[in-house]
file protein-v2.cif (mmCIF, C-alpha atoms)
data_query
loop_
_atom_site.label_atom_id
_atom_site.label_comp_id
_atom_site.auth_asym_id
_atom_site.auth_seq_id
_atom_site.Cartn_x
_atom_site.Cartn_y
_atom_site.Cartn_z
CA MET A 121 241.64 68.42 60.96
CA SER A 122 244.88 68.89 59.09
CA ALA A 123 244.06 65.98 56.80
CA ALA A 124 240.38 66.81 56.53
CA LEU A 125 240.91 70.33 55.17
CA PRO A 126 242.59 69.40 51.87
CA ASP A 127 240.12 66.56 51.55
CA ALA A 128 237.22 68.92 51.87
CA LEU A 129 238.82 71.27 49.36
CA VAL A 130 239.29 68.52 46.79
CA THR A 131 235.78 67.23 47.29
CA GLN A 132 234.37 70.72 47.03
CA SER A 133 236.25 71.54 43.83
CA LEU A 134 235.22 68.24 42.30
CA ARG A 135 231.64 68.86 43.29
CA LYS A 136 231.68 72.31 41.78
CA LEU A 137 233.22 71.01 38.55
CA GLY A 138 230.54 68.35 38.37
CA ALA A 139 227.79 70.86 39.12
CA VAL A 140 229.00 73.22 36.38
CA SER A 141 229.22 70.34 33.89
CA VAL A 142 225.72 69.12 34.70
CA PHE A 143 224.39 72.66 34.46
CA PHE A 144 226.17 73.14 31.13
CA TRP A 145 224.63 69.96 29.75
CA ARG A 146 221.12 70.81 30.95
CA MET A 147 221.42 74.30 29.50
CA LEU A 148 222.73 72.98 26.15
CA ILE A 149 219.63 70.79 25.88
CA GLN A 150 217.51 73.89 26.42
CA CYS A 151 219.45 75.89 23.80
CA GLY A 152 217.57 74.17 20.97
CA PRO A 153 214.11 75.20 22.20
CA ALA A 154 215.51 78.65 23.11
CA LEU A 155 216.44 79.17 19.45
CA ALA A 156 212.73 79.07 18.69
CA ARG A 157 212.46 82.41 20.54
CA PRO A 158 215.10 84.47 18.66
CA ARG A 159 213.68 87.64 20.19
CA LEU A 160 215.14 86.72 23.59
CA ILE A 161 218.53 85.98 22.06
CA VAL A 162 218.58 89.23 20.11
CA ASP A 163 217.99 91.09 23.38
CA GLN A 164 221.00 89.35 24.89
CA ILE A 165 223.26 89.91 21.88
CA TYR A 166 222.42 93.57 22.23
CA ASN A 167 223.18 93.57 25.95
CA ALA A 168 226.38 91.54 25.79
CA GLY A 169 227.64 92.64 22.39
CA ALA A 170 226.43 95.97 21.11
CA ARG A 171 226.68 97.65 24.50
CA SER A 172 230.26 96.39 24.99
CA LEU A 173 231.33 97.81 21.66
CA VAL A 174 232.56 101.18 22.91
CA ILE A 175 234.79 99.77 25.64
CA ILE A 176 236.11 97.10 23.26
CA MET A 177 236.97 99.64 20.56
CA LEU A 178 238.60 102.04 22.99
CA SER A 179 240.71 99.27 24.54
CA GLY A 180 241.58 97.88 21.12
CA LEU A 181 242.80 101.24 19.94
CA PHE A 182 245.10 101.72 22.91
CA VAL A 183 246.36 98.13 22.89
CA GLY A 184 247.23 98.45 19.21
CA MET A 185 248.95 101.77 19.82
CA VAL A 186 251.06 100.55 22.71
CA LEU A 187 251.91 97.37 20.82
CA ALA A 188 253.23 99.43 17.93
CA LEU A 189 255.20 101.65 20.29
CA GLN A 190 256.83 98.73 22.13
CA GLY A 191 257.28 96.73 18.94
CA PHE A 192 258.95 99.64 17.20
CA ASP A 193 261.33 100.18 20.09
CA LEU A 194 262.25 96.49 20.09
CA LEU A 195 262.53 95.99 16.32
CA GLN A 196 264.54 99.17 15.91
CA ARG A 197 267.38 97.55 17.83
CA PHE A 198 267.61 94.90 15.11
CA GLY A 199 267.15 97.37 12.32
CA SER A 200 263.97 95.74 11.07
CA GLU A 201 261.22 98.25 11.70
CA GLU A 202 259.41 97.02 8.59
CA ALA A 203 258.49 93.87 10.49
CA LEU A 204 256.30 96.01 12.78
CA GLY A 205 253.15 95.26 10.78
CA THR A 206 253.74 91.53 11.03
CA ALA A 207 254.55 91.67 14.72
CA THR A 208 251.51 93.71 15.73
CA ALA A 209 249.10 91.83 13.48
CA LEU A 210 250.17 88.41 14.74
CA ALA A 211 250.19 89.49 18.38
CA LEU A 212 246.73 91.02 18.05
CA LEU A 213 245.07 88.31 16.00
CA LYS A 214 246.43 85.27 17.80
CA GLU A 215 246.73 86.42 21.36
CA LEU A 216 245.75 89.84 22.55
CA SER A 217 242.39 90.40 20.94
CA PRO A 218 240.76 87.14 22.06
CA VAL A 219 242.21 87.34 25.56
CA ILE A 220 241.66 91.03 26.30
CA THR A 221 238.21 90.97 24.72
CA ALA A 222 237.29 88.01 26.90
CA LEU A 223 238.65 89.69 30.06
CA LEU A 224 236.74 92.87 29.30
CA PHE A 225 233.67 90.83 28.43
CA ALA A 226 233.86 89.06 31.80
CA GLY A 227 234.03 92.40 33.56
CA ARG A 228 231.48 94.23 31.48
CA ALA A 229 228.89 91.65 30.42
CA GLY A 230 229.62 88.67 32.70
CA THR A 231 229.03 90.64 35.88
CA SER A 232 225.79 92.09 34.64
CA LEU A 233 224.55 88.62 33.65
CA THR A 234 225.42 87.19 37.06
CA SER A 235 223.88 89.99 39.06
CA GLU A 236 220.74 90.04 36.90
CA ILE A 237 220.10 86.31 37.24
CA GLY A 238 221.20 86.41 40.89
CA LEU A 239 218.64 89.10 41.61
CA MET A 240 215.98 87.03 39.85
CA ARG A 241 216.95 84.18 42.15
CA ALA A 242 216.92 86.41 45.23
CA THR A 243 213.47 87.79 44.41
CA ASP A 244 212.11 84.30 43.71
CA GLN A 245 211.41 85.08 40.07
CA LEU A 246 213.06 81.83 38.96
CA THR A 247 210.94 79.84 41.41
CA ALA A 248 207.83 81.64 40.19
CA MET A 249 208.67 80.65 36.61
CA LYS A 250 208.99 77.02 37.67
CA MET A 251 205.60 77.27 39.39
CA MET A 252 204.09 78.35 36.09
CA ALA A 253 205.78 75.41 34.32
CA VAL A 254 208.13 77.78 32.51
CA ASP A 255 211.66 76.41 32.52
CA PRO A 256 213.97 79.24 33.65
CA LEU A 257 216.88 77.40 32.02
CA ARG A 258 215.15 77.81 28.68
CA TYR A 259 213.89 81.37 29.05
CA VAL A 260 216.54 82.97 31.29
CA ALA A 261 219.78 81.00 31.14
CA ALA A 262 219.98 79.66 27.58
CA PRO A 263 219.30 82.96 25.71
CA ARG A 264 221.89 84.78 27.83
CA PHE A 265 224.41 82.05 27.23
CA LEU A 266 223.80 82.02 23.47
CA GLY A 267 223.92 85.81 23.29
CA GLY A 268 227.36 85.83 24.92
CA VAL A 269 228.64 83.03 22.68
CA VAL A 270 227.52 84.86 19.53
CA ALA A 271 228.82 88.25 20.65
CA MET A 272 232.35 87.25 21.64
CA PRO A 273 233.92 86.41 18.23
CA PHE A 274 232.42 89.58 16.75
CA LEU A 275 233.79 91.67 19.58
CA ALA A 276 237.23 90.10 19.19
CA ALA A 277 237.22 90.75 15.44
CA VAL A 278 236.31 94.40 15.99
CA PHE A 279 239.05 94.59 18.62
CA SER A 280 241.60 93.28 16.09
CA ILE A 281 240.60 95.76 13.39
CA VAL A 282 240.64 98.75 15.71
CA GLY A 283 243.94 97.51 17.16
CA LEU A 284 245.47 97.37 13.69
CA LEU A 285 244.28 100.91 13.05
CA GLY A 286 245.87 101.99 16.33
CA ALA A 287 249.12 100.28 15.36
CA HIS A 288 249.00 102.00 11.97
CA LEU A 289 248.45 105.32 13.70
CA VAL A 290 251.51 105.00 15.94
CA GLY A 291 253.75 102.92 13.70
CA VAL A 292 253.22 104.72 10.41
CA LYS A 293 252.04 108.20 11.33
CA LEU A 294 254.07 108.74 14.48
CA MET A 295 257.16 106.55 14.14
CA GLY A 296 257.50 106.82 10.40
CA VAL A 297 257.53 103.16 9.40
CA ASP A 298 256.91 102.91 5.67
CA ARG A 299 253.18 102.49 5.08
CA GLY A 300 253.60 100.11 2.16
CA SER A 301 255.94 97.71 3.89
CA PHE A 302 253.88 97.89 7.10
CA TRP A 303 250.78 96.54 5.37
CA SER A 304 252.36 94.36 2.68
CA GLN A 305 254.62 92.51 5.12
CA MET A 306 251.61 92.04 7.36
CA GLN A 307 249.60 90.61 4.49
CA SER A 308 252.33 88.32 3.25
CA SER A 309 253.10 86.82 6.65
CA VAL A 310 249.66 86.52 8.23
CA ASP A 311 248.19 83.15 7.41
CA LEU A 312 244.53 82.27 7.28
CA LYS A 313 245.36 79.79 10.05
CA ASP A 314 246.34 82.66 12.35
CA VAL A 315 242.99 84.36 11.86
CA VAL A 316 241.16 81.08 12.46
CA GLU A 317 243.16 80.57 15.66
CA GLY A 318 241.92 83.90 17.01
CA VAL A 319 238.32 83.19 16.07
CA VAL A 320 238.37 79.72 17.64
CA LYS A 321 239.93 81.11 20.80
CA SER A 322 237.34 83.83 21.15
CA ALA A 323 234.50 81.35 20.54
CA VAL A 324 235.84 79.08 23.29
CA PHE A 325 236.25 82.06 25.64
CA GLY A 326 232.69 83.11 24.80
CA VAL A 327 231.38 79.71 25.88
CA ALA A 328 233.50 79.71 29.06
CA CYS A 329 232.67 83.27 30.16
CA SER A 330 228.97 83.02 29.46
CA LEU A 331 228.71 79.63 31.15
CA ILE A 332 230.42 80.85 34.31
CA ALA A 333 228.40 84.05 34.44
CA VAL A 334 225.07 82.28 34.00
CA TYR A 335 225.99 79.45 36.37
CA GLU A 336 227.11 81.75 39.16
CA GLY A 337 223.99 83.88 38.85
CA TYR A 338 221.71 80.87 38.73
CA HIS A 339 223.28 79.33 41.81
CA SER A 340 223.93 82.46 43.86
CA GLU A 341 222.69 82.71 47.43
CA PRO A 342 219.34 84.49 47.40
CA THR A 343 220.60 87.44 49.43
CA ALA A 344 222.13 90.81 48.60
CA ALA A 345 225.52 89.64 49.85
CA GLY A 346 225.14 86.36 47.95
CA VAL A 347 224.59 88.15 44.64
CA GLY A 348 227.63 90.33 45.31
CA LEU A 349 229.77 87.29 46.07
CA ALA A 350 228.53 85.49 42.98
CA THR A 351 229.49 88.50 40.83
CA THR A 352 232.99 88.50 42.29
CA ARG A 353 233.32 84.78 41.69
CA THR A 354 232.30 85.29 38.07
CA VAL A 355 235.09 87.76 37.40
CA VAL A 356 237.74 85.76 39.23
CA ALA A 357 236.81 82.39 37.76
CA SER A 358 236.36 83.75 34.23
CA SER A 359 239.70 85.58 34.25
CA VAL A 360 241.66 82.59 35.51
CA LEU A 361 239.88 80.19 33.17
CA ILE A 362 240.49 82.47 30.16
CA LEU A 363 244.22 82.59 30.78
CA LEU A 364 244.39 78.86 31.43
CA LEU A 365 242.38 77.98 28.33
CA ASP A 366 244.50 80.41 26.34
CA TYR A 367 247.62 78.45 27.14
CA VAL A 368 245.97 75.13 26.30
CA LEU A 369 244.55 76.43 23.02
CA THR A 370 247.83 78.03 21.99
CA ALA A 371 249.69 74.79 22.65
CA PHE A 372 247.06 73.00 20.62
CA PHE A 373 247.41 75.33 17.64
CA ILE A 374 251.21 75.50 17.49
CA MET B 218 207.96 100.46 24.14
CA ARG B 219 207.69 100.24 20.37
CA ASP B 220 210.46 102.80 19.90
CA ASN B 221 212.56 101.08 22.49
CA ASN B 222 212.34 97.80 20.60
CA ARG B 223 213.26 99.49 17.38
CA ALA B 224 216.41 101.04 18.83
CA LEU B 225 217.40 97.69 20.28
CA GLU B 226 216.91 95.88 17.02
CA ILE B 227 218.84 98.48 15.06
CA GLY B 228 221.63 98.39 17.62
CA THR B 229 221.89 94.61 17.47
CA GLY B 230 221.73 94.65 13.69
CA LEU B 231 224.54 97.20 13.49
CA PHE B 232 226.63 95.23 15.94
CA VAL B 233 226.22 91.96 14.06
CA LEU B 234 226.91 93.70 10.75
CA LEU B 235 230.05 95.31 12.14
CA GLY B 236 231.19 91.97 13.54
CA PHE B 237 230.64 90.22 10.24
CA ALA B 238 232.41 92.99 8.35
CA ALA B 239 235.39 92.73 10.71
CA LEU B 240 235.54 88.94 10.37
CA LEU B 241 235.22 89.21 6.61
CA PHE B 242 238.08 91.69 6.45
CA LEU B 243 240.27 89.53 8.65
CA THR B 244 239.66 86.36 6.65
CA THR B 245 239.71 87.76 3.13
CA GLN B 246 241.91 90.84 3.04
CA LEU B 247 244.55 90.32 5.67
CA PRO B 248 246.12 86.92 4.96
CA ALA B 249 247.78 86.49 1.59
CA ASN B 250 246.29 83.03 1.21
CA GLY B 251 242.90 84.24 2.46
CA LEU B 252 239.61 83.65 0.76
CA LYS B 253 239.72 86.19 -2.03
CA LEU B 254 236.36 87.38 -3.24
CA THR B 255 237.34 89.55 -6.18
CA GLY B 256 240.30 90.16 -8.41
CA TYR B 257 241.52 86.60 -8.29
CA ARG B 258 241.11 86.02 -12.01
CA LYS B 259 242.51 89.38 -13.09
CA GLY B 260 245.80 89.63 -14.91
CA TYR B 261 247.95 86.95 -16.50
CA THR B 262 250.35 84.33 -15.20
CA VAL B 263 253.98 83.72 -16.05
CA SER B 264 256.30 81.18 -14.49
CA ALA B 265 259.99 80.93 -13.71
CA SER B 266 262.28 78.19 -12.40
CA PHE B 267 264.60 78.84 -9.49
CA GLU B 268 267.36 76.74 -7.94
CA ASN B 269 266.23 77.82 -4.50
CA VAL B 270 263.25 79.95 -3.51
CA GLY B 271 264.27 80.43 0.14
CA ASP B 272 261.18 81.29 2.18
CA LEU B 273 259.24 82.82 -0.68
CA LYS B 274 255.55 82.25 -0.04
CA THR B 275 252.32 82.24 -1.95
CA GLY B 276 251.18 85.86 -1.91
CA SER B 277 254.66 87.37 -1.80
CA PRO B 278 254.90 90.47 -4.00
CA VAL B 279 256.38 90.58 -7.48
CA THR B 280 257.97 93.94 -8.16
CA MET B 281 259.60 95.81 -10.97
CA ALA B 282 261.79 98.79 -10.07
CA GLY B 283 260.39 98.47 -6.55
CA VAL B 284 256.77 98.83 -7.67
CA ARG B 285 254.43 95.96 -6.97
CA ILE B 286 253.11 94.53 -10.23
CA GLY B 287 251.74 91.19 -9.08
CA VAL B 288 251.87 88.34 -6.57
CA VAL B 289 253.26 84.84 -6.34
CA GLN B 290 250.36 82.53 -7.03
CA LEU B 291 251.85 79.08 -6.75
CA ILE B 292 255.16 77.49 -5.85
CA ARG B 293 255.73 73.86 -6.78
CA PHE B 294 258.64 71.48 -7.13
CA ASN B 295 259.61 70.13 -10.55
CA PRO B 296 260.93 66.58 -10.03
CA LYS B 297 262.52 66.50 -13.52
CA ASP B 298 265.17 69.17 -13.03
CA TYR B 299 264.94 69.51 -9.21
CA LYS B 300 264.00 73.16 -9.41
CA ALA B 301 261.22 75.19 -7.89
CA VAL B 302 258.66 76.51 -10.36
CA VAL B 303 257.09 79.79 -9.27
CA THR B 304 253.90 80.90 -10.96
CA MET B 305 253.25 84.62 -10.71
CA ARG B 306 250.07 86.49 -11.46
CA LEU B 307 250.83 89.91 -12.93
CA GLU B 308 248.29 92.69 -13.11
CA PRO B 309 246.74 93.27 -16.53
CA GLN B 310 247.97 96.85 -16.99
CA PHE B 311 251.61 95.68 -16.94
CA ASP B 312 251.47 93.86 -20.26
CA GLN B 313 254.60 95.28 -21.86
CA ILE B 314 257.33 93.41 -20.03
CA PRO B 315 260.03 92.10 -22.42
CA ASP B 316 260.14 88.30 -22.56
CA ASP B 317 263.88 88.19 -21.90
CA SER B 318 263.48 89.88 -18.54
CA PHE B 319 265.40 88.70 -15.52
CA ALA B 320 263.72 87.48 -12.32
CA SER B 321 265.53 87.30 -9.00
CA ILE B 322 264.49 86.55 -5.45
CA GLN B 323 265.33 89.36 -3.06
CA THR B 324 264.84 90.20 0.59
CA GLN B 325 263.10 93.19 2.17
CA GLY B 326 265.45 94.44 4.86
CA LEU B 327 267.53 92.11 7.00
CA LEU B 328 264.73 90.02 8.48
CA GLY B 329 262.12 90.89 5.90
CA GLY B 330 260.16 88.58 3.69
CA LYS B 331 261.27 87.45 0.25
CA TYR B 332 259.92 88.94 -2.95
CA ILE B 333 260.57 88.58 -6.66
CA GLY B 334 262.20 91.47 -8.46
CA ILE B 335 261.98 91.60 -12.23
CA SER B 336 264.40 93.68 -14.26
CA ALA B 337 263.49 94.47 -17.83
CA GLY B 338 265.29 92.94 -20.78
CA GLY B 339 265.65 94.40 -24.27
CA SER B 340 263.41 92.18 -26.35
CA ASP B 341 260.63 93.53 -28.58
CA THR B 342 258.26 90.71 -27.73
CA TYR B 343 256.42 90.82 -24.45
CA LEU B 344 255.55 88.28 -21.77
CA LYS B 345 252.07 86.89 -22.17
CA ASN B 346 249.83 84.48 -20.33
CA GLY B 347 251.66 81.21 -19.69
CA SER B 348 255.11 82.27 -20.85
CA ASP B 349 258.31 81.45 -18.96
CA ILE B 350 260.99 83.75 -17.64
CA GLU B 351 264.24 82.01 -18.62
CA GLN B 352 266.84 84.00 -16.71
CA THR B 353 266.54 83.71 -12.97
CA GLN B 354 268.62 84.13 -9.88
CA SER B 355 267.89 82.16 -6.72
CA ALA B 356 267.40 83.43 -3.23
CA ILE B 357 270.61 84.17 -1.42
CA VAL B 358 270.72 81.99 1.64
CA LEU B 359 272.68 83.74 4.34
CA GLU B 360 273.96 80.50 5.93
CA SER B 361 275.49 79.22 2.70
CA LEU B 362 277.22 82.57 2.17
CA ILE B 363 278.67 82.40 5.65
CA ASN B 364 279.70 78.78 5.07
CA LYS B 365 281.47 79.67 1.86
CA PHE B 366 283.23 82.54 3.53
CA PHE B 367 284.51 80.42 6.40
CA ALA B 368 285.45 77.53 4.11
CA GLY B 369 287.54 79.89 2.02
CA TYR B 370 289.02 81.47 5.11
CA ALA B 371 290.04 78.10 6.59
CA SER B 372 291.52 76.75 3.37
CA LYS B 373 293.55 79.90 2.89
CA GLY B 374 295.03 79.45 6.36
CA GLU B 375 296.08 75.85 5.73
CA GLU B 376 297.18 76.54 2.18
CA THR B 377 295.08 73.69 0.87
CA LYS B 378 292.61 73.78 -1.97
CA LYS B 379 288.98 74.11 -1.05
#
call {"tool": "encode", "arguments": {"input": "protein-v2.cif", "output": "structure tokens"}}
result
Amino acid sequence: MSAALPDALVTQSLRKLGAVSVFFWRMLIQCGPALARPRLIVDQIYNAGARSLVIIMLSGLFVGMVLALQGFDLLQRFGSEEALGTATALALLKELSPVITALLFAGRAGTSLTSEIGLMRATDQLTAMKMMAVDPLRYVAAPRFLGGVVAMPFLAAVFSIVGLLGAHLVGVKLMGVDRGSFWSQMQSSVDLKDVVEGVVKSAVFGVACSLIAVYEGYHSEPTAAGVGLATTRTVVASSVLILLLDYVLTAFFI
Amino acid sequence: MRDNNRALEIGTGLFVLLGFAALLFLTTQLPANGLKLTGYRKGYTVSASFENVGDLKTGSPVTMAGVRIGVVQLIRFNPKDYKAVVTMRLEPQFDQIPDDSFASIQTQGLLGGKYIGISAGGSDTYLKNGSDIEQTQSAIVLESLINKFFAGYASKGEETKK
């Protein structure tokens, strides 16, 4: 028993990894045909992206504000408050906006994807589609996946902009950092590479979050409790994977 | 249903537009070496040779009396005299800078970035496109200052020549 338990765990994790990979591959094949129905994808971009905009902007504003507050307090000790623009811009662009956007996305859009598809599974809608020779991967899974992938970099970019405004608000208006040096130091020290790093990160997170959300929904137990469990798994798995991928990607870029 | 669709499409369109606008701002406006869409060809360029440019970067400001009048466009190494050649693009309205002006590399604050400060000379002829600034002063590298200080300090103690 004591030896069998870790064995079972390893086998189970491997099996799950394999199942997700196979599902990912099968869905990617269906993404091409799904592009022929842009209507479905537009619906999903609206659901995952446009409807997450308010929460993203609100969070971005406060993250930018607190970043400026903490950054100012720290930089003041070294007498270099002018570096505040650089510090907040780099922190937002490279790290905080992709990660926090992805975490919020997992909570806001990922859960709704999982529970929606899970409920379709529980009410046999997916089986009914198969009966009518309609591939649910093509008409349910792929558009939702693509919608999430498209929405994420846009959301992260909006997060960055609003965050910078928040930092400006606290740093310049409240703390009295010089406006000119705030923005000019930011501009002279932010590299195009830093912006690209953020965009690549958020695109990868978009793929990861959407894949997990769709997979969990698609494979949830067809019961009320099963859908609930699948939704929980989506949030937990997405959050952990985001942070893990973030480390790997950062190491890759540096 | 019709109205519902319309709202959805407008919402998605706005979202995508906003996302694109944000990405565009981040890639073109924020980084100094970003993809500039306008204003790249404006103004005129002058160059100056420095012994040491420190961590001056492309996009660093060029100022006169503390006012920004242009940016550093290009920094390259001249293998003939082992100096760094800095090409600056100055804005077109500042076209009355004497051609014997003095360019020096300075630092914003203690940890701040480097910038080029130009102080006016007394000549009647002005800098124009492609002209050189002859008188320059290099970046002050803090480590070499400290080195010099300690070298002088040590030699004084041992009463030997540096």
call {"tool": "residues_around", "arguments": {"input": "protein-v2.cif", "residues": "region 132-145 of chain A", "least_positions_apart": "3", "cutoff": "8 Å", "atoms": "all atoms listed in the file", "output": "VMD selection string"}}
result
chain A and resid 128 to 129 148 to 149 331 335
call {"tool": "write_last_selection", "arguments": {"input": "protein-v2.cif", "atoms": "C-alpha atoms", "output": "PDB file, in the coordinates of the input"}}
result
ATOM      1  CA  ALA A 128     237.220  68.920  51.870  1.00  0.00           C
ATOM      2  CA  LEU A 129     238.820  71.270  49.360  1.00  0.00           C
ATOM      3  CA  LEU A 148     222.730  72.980  26.150  1.00  0.00           C
ATOM      4  CA  ILE A 149     219.630  70.790  25.880  1.00  0.00           C
ATOM      5  CA  LEU A 331     228.710  79.630  31.150  1.00  0.00           C
ATOM      6  CA  TYR A 335     225.990  79.450  36.370  1.00  0.00           C
TER       7      TYR A 335
END
call {"tool": "interface_residues", "arguments": {"input": "protein-v2.cif", "of": "chain B", "to": "chain A", "cutoff": "12 Å", "atoms": "all atoms listed in the file", "output": "NGL selection string"}}
result
:B and (221-253 or 272-279 or 283-285 or 288-290 or 324-332)
call {"tool": "residues_around", "arguments": {"input": "protein-v2.cif", "residues": "Asp317 (chain B)", "least_positions_apart": "6", "cutoff": "8 Å", "atoms": "all atoms listed in the file", "output": "NGL selection string"}}
result
:B and (337-340 or 350-352)
call {"tool": "closest_residue", "arguments": {"input": "protein-v2.cif", "among": "A:Ala262, A:Val290, A:Val254, A:Val183", "to": "Glu215 (chain A)", "atoms": "only C-alpha atoms"}}
result
A:Val183
call {"tool": "resolve_selection", "arguments": {"input": "protein-v2.cif", "expression": "the PyMOL selection byres ((chain B and resi 357) around 10)", "output": "MDAnalysis selection string"}}
result
chainID B and resid 269:271 321:324 354:356 358:362
call {"tool": "residues_around", "arguments": {"input": "protein-v2.cif", "residues": "Ser348 (chain B)", "least_positions_apart": "3", "cutoff": "9 Å", "atoms": "all atoms listed in the file", "output": "PDB file with C-alpha atoms, keeping the file's coordinate frame"}}
result
ATOM      1  CA  THR B 262     250.350  84.330 -15.200  1.00  0.00           C
ATOM      2  CA  VAL B 263     253.980  83.720 -16.050  1.00  0.00           C
ATOM      3  CA  SER B 264     256.300  81.180 -14.490  1.00  0.00           C
ATOM      4  CA  ALA B 265     259.990  80.930 -13.710  1.00  0.00           C
ATOM      5  CA  ASP B 316     260.140  88.300 -22.560  1.00  0.00           C
ATOM      6  CA  LEU B 344     255.550  88.280 -21.770  1.00  0.00           C
ATOM      7  CA  LYS B 345     252.070  86.890 -22.170  1.00  0.00           C
TER       8      LYS B 345
END
call {"tool": "residues_around", "arguments": {"input": "protein-v2.cif", "residues": "Ala226 (chain A)", "least_positions_apart": "2", "cutoff": "12 Å", "atoms": "all atoms listed in the file", "output": "ChimeraX atom specification"}}
result
/A:168-169,172,176,219-224,228-234,268,272,325-334,351-362
call {"tool": "write_last_selection", "arguments": {"input": "protein-v2.cif", "atoms": "C-alpha atoms", "output": "compact mmCIF listing (two decimals), in the coordinates of the input"}}
result
# COMPACT_ATOMS: atom_id res chain seq x y z
CA ALA A 168 226.38 91.54 25.79
CA GLY A 169 227.64 92.64 22.39
CA SER A 172 230.26 96.39 24.99
CA ILE A 176 236.11 97.10 23.26
CA VAL A 219 242.21 87.34 25.56
CA ILE A 220 241.66 91.03 26.30
CA THR A 221 238.21 90.97 24.72
CA ALA A 222 237.29 88.01 26.90
CA LEU A 223 238.65 89.69 30.06
CA LEU A 224 236.74 92.87 29.30
CA ARG A 228 231.48 94.23 31.48
CA ALA A 229 228.89 91.65 30.42
CA GLY A 230 229.62 88.67 32.70
CA THR A 231 229.03 90.64 35.88
CA SER A 232 225.79 92.09 34.64
CA LEU A 233 224.55 88.62 33.65
CA THR A 234 225.42 87.19 37.06
CA GLY A 268 227.36 85.83 24.92
CA MET A 272 232.35 87.25 21.64
CA PHE A 325 236.25 82.06 25.64
CA GLY A 326 232.69 83.11 24.80
CA VAL A 327 231.38 79.71 25.88
CA ALA A 328 233.50 79.71 29.06
CA CYS A 329 232.67 83.27 30.16
CA SER A 330 228.97 83.02 29.46
CA LEU A 331 228.71 79.63 31.15
CA ILE A 332 230.42 80.85 34.31
CA ALA A 333 228.40 84.05 34.44
CA VAL A 334 225.07 82.28 34.00
CA THR A 351 229.49 88.50 40.83
CA THR A 352 232.99 88.50 42.29
CA ARG A 353 233.32 84.78 41.69
CA THR A 354 232.30 85.29 38.07
CA VAL A 355 235.09 87.76 37.40
CA VAL A 356 237.74 85.76 39.23
CA ALA A 357 236.81 82.39 37.76
CA SER A 358 236.36 83.75 34.23
CA SER A 359 239.70 85.58 34.25
CA VAL A 360 241.66 82.59 35.51
CA LEU A 361 239.88 80.19 33.17
CA ILE A 362 240.49 82.47 30.16
call {"tool": "residues_around", "arguments": {"input": "protein-v2.cif", "residues": "Ser340 (chain A)", "least_positions_apart": "3", "cutoff": "8 Å", "atoms": "only C-alpha atoms", "output": "PDB file with C-alpha atoms, keeping the file's coordinate frame"}}
result
ATOM      1  CA  GLY A 238     221.200  86.410  40.890  1.00  0.00           C
ATOM      2  CA  ARG A 241     216.950  84.180  42.150  1.00  0.00           C
ATOM      3  CA  GLU A 336     227.110  81.750  39.160  1.00  0.00           C
ATOM      4  CA  GLY A 337     223.990  83.880  38.850  1.00  0.00           C
ATOM      5  CA  GLY A 346     225.140  86.360  47.950  1.00  0.00           C
ATOM      6  CA  VAL A 347     224.590  88.150  44.640  1.00  0.00           C
ATOM      7  CA  LEU A 349     229.770  87.290  46.070  1.00  0.00           C
ATOM      8  CA  ALA A 350     228.530  85.490  42.980  1.00  0.00           C
TER       9      ALA A 350
END
call {"tool": "atom_distance", "arguments": {"input": "protein-v2.cif", "atom1": "CA of Gly184 (chain A)", "atom2": "CA of Ala287 (chain A)"}}
result
4.7 Å
call {"tool": "atom_distance", "arguments": {"input": "protein-v2.cif", "atom1": "CA of Gly286 (chain A)", "atom2": "CA of Ala323 (chain A)"}}
result
23.9 Å
call {"tool": "resolve_selection", "arguments": {"input": "protein-v2.cif", "expression": "the PyMOL selection byres ((chain B and resi 335) around 8)", "output": "CSV table (one decimal) with C-alpha atoms, in the coordinates of the input"}}
result
chain,number,residue,atom,x,y,z
B,279,VAL,CA,256.4,90.6,-7.5
B,280,THR,CA,258.0,93.9,-8.2
B,281,MET,CA,259.6,95.8,-11.0
B,282,ALA,CA,261.8,98.8,-10.1
B,318,SER,CA,263.5,89.9,-18.5
B,319,PHE,CA,265.4,88.7,-15.5
B,320,ALA,CA,263.7,87.5,-12.3
B,321,SER,CA,265.5,87.3,-9.0
B,333,ILE,CA,260.6,88.6,-6.7
B,334,GLY,CA,262.2,91.5,-8.5
B,336,SER,CA,264.4,93.7,-14.3
B,337,ALA,CA,263.5,94.5,-17.8
call {"tool": "atom_distance", "arguments": {"input": "protein-v2.cif", "atom1": "CA of Leu216 (chain A)", "atom2": "CA of Ile374 (chain A)"}}
result
16.2 Å
call {"tool": "resolve_selection", "arguments": {"input": "protein-v2.cif", "expression": "the PyMOL selection byres ((chain A and resi 187) around 9)", "output": "JSON, numbers by chain"}}
result
{"A": [182, 183, 184, 185, 186, 188, 189, 190, 191, 192, 207, 208, 211, 212, 283, 286, 287]}
call {"tool": "closest_residue", "arguments": {"input": "protein-v2.cif", "among": "B:Arg293, B:Tyr261, B:Phe267, B:Asn364", "to": "Phe311 (chain B)", "atoms": "only C-alpha atoms"}}
result
B:Tyr261
